[in-house]
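The structure appears right after this line, and notes come after that.
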Amino acid sequence: MLEWSSQDLNHYKMVRISKALLKEAGTGLSKTLSEILVCPLTKQPLRVCEETNSLISDSIGVSFPIKDGIPSLVPKDGKILGVNDDQIKSDAADAAMNKE
Amino acid sequence: MRAFGAFQRSSLLLRRRRANNEPYALVPSGSFCTDNGFETTSNDSSRVSIFDRHLKRKQRDRAAWLTRPNDSFVDAVAENLLDRLEDCRKTFPTALCLGGSLEAVRRLLRGRGGIEKLIMMDTSYDMLKSCKDAQQDAHNDNIETFFVVGDEEFLPLKESSLDLAVSCLGLHWTNDLPGAMIQCKLALKPDGLFLGAILGGETLKELRVACTVAQMEREGGISPRVSPLAQVRDAGNLLTRAGFTLPSVDVDQYTVKYNSSMELIEHLRAMGETNALLQRNKILNRETALATAAIYDSMFAAEDGSIPATFQVIYMTGWREHYSQPKPKRRGSATVSFKDIHKHFGSENQSAQPS
């Protein structure tokens, strides 16, 4: 279902926890959709980022938001991920861990 | 659209040549258009921008709130397009519905084509939201529906993942129509079907005339008010260029009658079909608007006082290549002469001809 790059493997545990939290809120993306959707610019597979509730295209480092379960894959809506964003992401994951 | 780009480029070449050979030749000013934004985009010759896609998105957001239930014109087009599914013996488990009149396509599907999973895609979030909310009272529940915000020019779908792609009245707003259709084709599985309906060049010809006359009269010049649309002959070329097999194109002309020309504009707004040209005039003078309405009335009004508006819809059908599809044989590969065919069937033909 998901494409994991090697750097994400150590986040896997945290992701699984926050996934459980998000499922209750009803923002999870359906399996069929995440299988069929690709990055609109590179046509490469997308990775679901549960912490920020977005779809990430790793090849170009852009994240696309998911709003109310509707992913937005218009290039204009995409946000370019900086180096700092990784830090923020892992912080958010840590926070989720602490809550548990 | 491409023709205009090519024309501009060739005229620049012409100018350069003239400048070299005849120093006294009359040199036309740099460009035939005054909008600088256009010139910068036209430098990148492969992508000419005609429409403001961002504005179109906003217009569709607004249209989501204005859409009237059961718009008879939109329903007629969607019905005609979906009717083609009944002609196919094949079923289409995974289908994509692109832009345009999403709600009508969903409502009128009525189990045709054996669709199990339907992906609805539009550039406007509000449009999808209203479509999602309308879903509750629809009766085709056995279709699993998904919603995605996406741009037809940047199709976010995996290669060979769909059995059917339907686009009802949406693709005529893309800047790169061939590109969008090629992406559709790539997203289809082999032997997948593409169904498209776009507005053709005859659309709103009355409004085009009325706008031009009114602007000439009030402002002493004209600006584009109605977008350039594909002609019927272009549609066939588009399908073959995108690489669809067994292409077919047919045209339907609808005349919609309105009580007043204001009602026509309201209808266009509700469909999200208002002017989104990059080169549009951003100011509409009240005087000019009223003059347009008056000219429309006096030139085109029917005897009963209603205002007709023409909509030409071009329906395009094409398939993704598959070995099971009929193909023409290679040139010169025939082993039987036409003369022999005549000998074989000659007697039958003669008996058949007089009747």
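So you can find residues: chains in the structure tokens are A, B, ... in the order shown, residues in each start at 1, and ligands are numbered from 1 in order.
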Residues of range 48-263 of chain B classed as strand (DSSP E) by DSSP on the backbone are to be reported as a PyMOL selection string. chain B and resi 94-100+117-122+144-149+162-168+188-199+245-258
What lies within 6 Å of range 40-42 of chain A using only C-alpha atoms, ignoring chain neighbours under 4 positions off, as a list of chain:residue names? B:Phe154, B:Leu155, B:Pro156
Show me, as a CSV table (one decimal) with N, CA and C atoms, in the first residue's frame, the residues that have an atom within 12 Å of Ile283 in chain B when counting only C-alpha atoms, minus same-chain residues fewer than 5 positions from it.
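The result, written out as part_7.csv:
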```csv
chain,number,residue,atom,x,y,z
B,219,GLU,N,-17.0,51.0,-27.0
B,219,GLU,CA,-15.6,51.1,-26.6
B,219,GLU,C,-14.7,51.4,-27.7
B,223,SER,N,-12.4,43.0,-27.3
B,223,SER,CA,-11.5,42.2,-26.5
B,223,SER,C,-12.2,40.8,-26.5
B,225,ARG,N,-14.2,37.8,-25.5
B,225,ARG,CA,-15.2,37.5,-24.4
B,225,ARG,C,-15.6,36.1,-24.4
B,275,ASN,N,-16.0,33.5,-18.8
B,275,ASN,CA,-14.7,33.8,-19.4
B,275,ASN,C,-13.5,33.6,-18.5
B,288,THR,N,-21.7,48.8,-21.7
B,288,THR,CA,-21.4,47.7,-22.7
B,288,THR,C,-22.2,46.5,-22.4
B,289,ALA,N,-22.4,46.1,-21.2
B,289,ALA,CA,-23.1,44.9,-20.8
B,289,ALA,C,-24.6,45.1,-21.2
```
At a cut-off of 10 Å, list the chain B residues touching chain A, using only C-alpha atoms, as a PDB file with N, CA and C atoms, in the first residue's frame.
```pdb
ATOM      1  N   HIS B  54      -6.233  29.058 -12.832  1.00  0.00           N
ATOM      2  CA  HIS B  54      -6.489  29.405 -11.440  1.00  0.00           C
ATOM      3  C   HIS B  54      -7.850  30.087 -11.303  1.00  0.00           C
ATOM      4  N   LYS B 117     -15.937   0.979  -9.111  1.00  0.00           N
ATOM      5  CA  LYS B 117     -15.212   2.043  -8.409  1.00  0.00           C
ATOM      6  C   LYS B 117     -15.189   3.276  -9.291  1.00  0.00           C
ATOM      7  N   ILE B 119     -13.927   7.213  -9.572  1.00  0.00           N
ATOM      8  CA  ILE B 119     -13.101   8.283  -9.021  1.00  0.00           C
ATOM      9  C   ILE B 119     -13.561   9.597  -9.645  1.00  0.00           C
ATOM     10  N   MET B 121     -12.912  13.475 -10.214  1.00  0.00           N
ATOM     11  CA  MET B 121     -11.805  14.434 -10.109  1.00  0.00           C
ATOM     12  C   MET B 121     -12.225  15.785 -10.649  1.00  0.00           C
ATOM     13  N   ASP B 122     -11.896  16.816  -9.924  1.00  0.00           N
ATOM     14  CA  ASP B 122     -12.191  18.171 -10.375  1.00  0.00           C
ATOM     15  C   ASP B 122     -11.119  19.089  -9.820  1.00  0.00           C
ATOM     16  N   THR B 123     -10.976  20.261 -10.424  1.00  0.00           N
ATOM     17  CA  THR B 123      -9.999  21.201  -9.880  1.00  0.00           C
ATOM     18  C   THR B 123     -10.569  21.941  -8.675  1.00  0.00           C
ATOM     19  N   SER B 124     -11.886  21.898  -8.539  1.00  0.00           N
ATOM     20  CA  SER B 124     -12.516  22.667  -7.474  1.00  0.00           C
ATOM     21  C   SER B 124     -12.917  21.780  -6.309  1.00  0.00           C
ATOM     22  N   TYR B 125     -12.450  22.145  -5.123  1.00  0.00           N
ATOM     23  CA  TYR B 125     -12.773  21.378  -3.925  1.00  0.00           C
ATOM     24  C   TYR B 125     -14.266  21.500  -3.599  1.00  0.00           C
ATOM     25  N   LEU B 128     -16.483  19.216  -5.646  1.00  0.00           N
ATOM     26  CA  LEU B 128     -16.453  17.831  -5.183  1.00  0.00           C
ATOM     27  C   LEU B 128     -17.255  17.667  -3.907  1.00  0.00           C
ATOM     28  N   LYS B 129     -17.145  18.671  -3.048  1.00  0.00           N
ATOM     29  CA  LYS B 129     -17.837  18.636  -1.770  1.00  0.00           C
ATOM     30  C   LYS B 129     -19.355  18.609  -1.997  1.00  0.00           C
ATOM     31  N   GLU B 144     -18.674   2.334  -5.502  1.00  0.00           N
ATOM     32  CA  GLU B 144     -17.804   2.924  -4.487  1.00  0.00           C
ATOM     33  C   GLU B 144     -17.214   4.197  -5.087  1.00  0.00           C
ATOM     34  N   THR B 145     -17.462   5.320  -4.455  1.00  0.00           N
ATOM     35  CA  THR B 145     -17.032   6.586  -5.059  1.00  0.00           C
ATOM     36  C   THR B 145     -15.899   7.214  -4.269  1.00  0.00           C
ATOM     37  N   PHE B 146     -14.902   7.723  -4.996  1.00  0.00           N
ATOM     38  CA  PHE B 146     -13.776   8.416  -4.378  1.00  0.00           C
ATOM     39  C   PHE B 146     -13.690   9.821  -4.952  1.00  0.00           C
ATOM     40  N   PHE B 147     -13.139  10.717  -4.160  1.00  0.00           N
ATOM     41  CA  PHE B 147     -13.032  12.101  -4.626  1.00  0.00           C
ATOM     42  C   PHE B 147     -11.586  12.575  -4.557  1.00  0.00           C
ATOM     43  N   VAL B 148     -11.153  13.215  -5.617  1.00  0.00           N
ATOM     44  CA  VAL B 148      -9.782  13.717  -5.693  1.00  0.00           C
ATOM     45  C   VAL B 148      -9.804  15.107  -6.321  1.00  0.00           C
ATOM     46  N   VAL B 149      -9.085  16.036  -5.724  1.00  0.00           N
ATOM     47  CA  VAL B 149      -8.905  17.335  -6.365  1.00  0.00           C
ATOM     48  C   VAL B 149      -7.682  17.211  -7.261  1.00  0.00           C
ATOM     49  N   GLY B 150      -7.856  17.467  -8.535  1.00  0.00           N
ATOM     50  CA  GLY B 150      -6.728  17.315  -9.446  1.00  0.00           C
ATOM     51  C   GLY B 150      -6.921  18.131 -10.701  1.00  0.00           C
ATOM     52  N   ASP B 151      -5.844  18.326 -11.415  1.00  0.00           N
ATOM     53  CA  ASP B 151      -5.865  19.128 -12.628  1.00  0.00           C
ATOM     54  C   ASP B 151      -5.779  18.179 -13.825  1.00  0.00           C
ATOM     55  N   GLU B 152      -6.647  18.403 -14.817  1.00  0.00           N
ATOM     56  CA  GLU B 152      -6.629  17.527 -15.997  1.00  0.00           C
ATOM     57  C   GLU B 152      -5.277  17.583 -16.710  1.00  0.00           C
ATOM     58  N   GLU B 153      -4.605  18.726 -16.588  1.00  0.00           N
ATOM     59  CA  GLU B 153      -3.315  18.865 -17.265  1.00  0.00           C
ATOM     60  C   GLU B 153      -2.206  18.118 -16.531  1.00  0.00           C
ATOM     61  N   PHE B 154      -2.458  17.799 -15.269  1.00  0.00           N
ATOM     62  CA  PHE B 154      -1.482  17.035 -14.483  1.00  0.00           C
ATOM     63  C   PHE B 154      -2.232  15.891 -13.809  1.00  0.00           C
ATOM     64  N   LEU B 155      -2.568  14.908 -14.570  1.00  0.00           N
ATOM     65  CA  LEU B 155      -3.407  13.825 -14.078  1.00  0.00           C
ATOM     66  C   LEU B 155      -2.649  12.991 -13.033  1.00  0.00           C
ATOM     67  N   PRO B 156      -3.168  12.927 -11.799  1.00  0.00           N
ATOM     68  CA  PRO B 156      -2.409  12.223 -10.752  1.00  0.00           C
ATOM     69  C   PRO B 156      -2.759  10.746 -10.657  1.00  0.00           C
ATOM     70  N   LEU B 157      -2.873  10.059 -11.779  1.00  0.00           N
ATOM     71  CA  LEU B 157      -3.286   8.658 -11.722  1.00  0.00           C
ATOM     72  C   LEU B 157      -2.237   7.742 -12.337  1.00  0.00           C
ATOM     73  N   LYS B 158      -2.133   6.583 -11.715  1.00  0.00           N
ATOM     74  CA  LYS B 158      -1.127   5.618 -12.125  1.00  0.00           C
ATOM     75  C   LYS B 158      -1.385   5.127 -13.551  1.00  0.00           C
ATOM     76  N   GLU B 159      -0.314   4.795 -14.210  1.00  0.00           N
ATOM     77  CA  GLU B 159      -0.420   4.295 -15.576  1.00  0.00           C
ATOM     78  C   GLU B 159      -1.180   2.963 -15.584  1.00  0.00           C
ATOM     79  N   SER B 160      -1.980   2.760 -16.612  1.00  0.00           N
ATOM     80  CA  SER B 160      -2.759   1.522 -16.775  1.00  0.00           C
ATOM     81  C   SER B 160      -3.527   1.140 -15.510  1.00  0.00           C
ATOM     82  N   SER B 161      -4.306   2.064 -15.002  1.00  0.00           N
ATOM     83  CA  SER B 161      -5.060   1.743 -13.786  1.00  0.00           C
ATOM     84  C   SER B 161      -6.569   1.877 -13.973  1.00  0.00           C
ATOM     85  N   LEU B 162      -7.005   2.401 -15.116  1.00  0.00           N
ATOM     86  CA  LEU B 162      -8.434   2.664 -15.289  1.00  0.00           C
ATOM     87  C   LEU B 162      -9.010   1.882 -16.457  1.00  0.00           C
ATOM     88  N   ALA B 187      -3.318   6.657 -18.534  1.00  0.00           N
ATOM     89  CA  ALA B 187      -3.918   6.162 -17.291  1.00  0.00           C
ATOM     90  C   ALA B 187      -4.859   4.994 -17.544  1.00  0.00           C
TER      91      ALA B 187
END
```
Taking only C-alpha atoms into account, which of B:Asn237, B:Ser72, B:Thr335, B:Thr174 comes nearest Val256 in chain B?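 Between B:Asn237, B:Ser72, B:Thr335, B:Thr174, the residue approaching Val256 in chain B most closely is B:Ser72.
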In Å, with one decimal, what is the gap from CA of Gln253 in chain B to CA of Thr203 in chain B? 8.5 Å
Please provide the set of residues having any atom within 7 Å of Leu55 in chain A, restricted to only C-alpha atoms, with same-chain residues fewer than 6 positions apart removed, written as a count of residues only. 7
Which is closest to Gly200 in chain B among B:Ile314, B:Leu96, B:Leu239, B:Ala334, if we use only C-alpha atoms?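 Smallest separation from Gly200 in chain B among the options: B:Ile314.
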Could you name the residues that touch Leu66 in chain B at 10 Å or less, counting only C-alpha atoms, but leaving out those on the same chain fewer than 6 positions away, as a PyMOL selection string? chain B and resi 60+266-267+269-272
Could you give me the residues within range 86-193 of chain B that DSSP places in helix (DSSP H, G or I), as a count of residues only? 39
I want to know what sits within 10 Å of Glu86 in chain B, based on only C-alpha atoms, with residues of the same chain fewer than 4 positions away left out; could you give that as JSON, numbers by chain? {"B": [82, 90, 91, 112, 113, 114]}
Ser306 in chain B proximity check over B:Glu217, B:Glu263, B:Asp126, B:Asp234, using only C-alpha atoms: winner is B:Glu263
Give the answer as one residue: which of B:Ser227, B:Leu246, B:Thr310, B:Asp163 has the shortest atom-to-atom distance to Pro190 in chain B, using only C-alpha atoms?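 Nearest candidate to Pro190 in chain B out of B:Ser227, B:Leu246, B:Thr310, B:Asp163: B:Asp163.
Relative to CA of Asp133 in chain B, CA of Ala180 in chain B is found at 28.1 Å.
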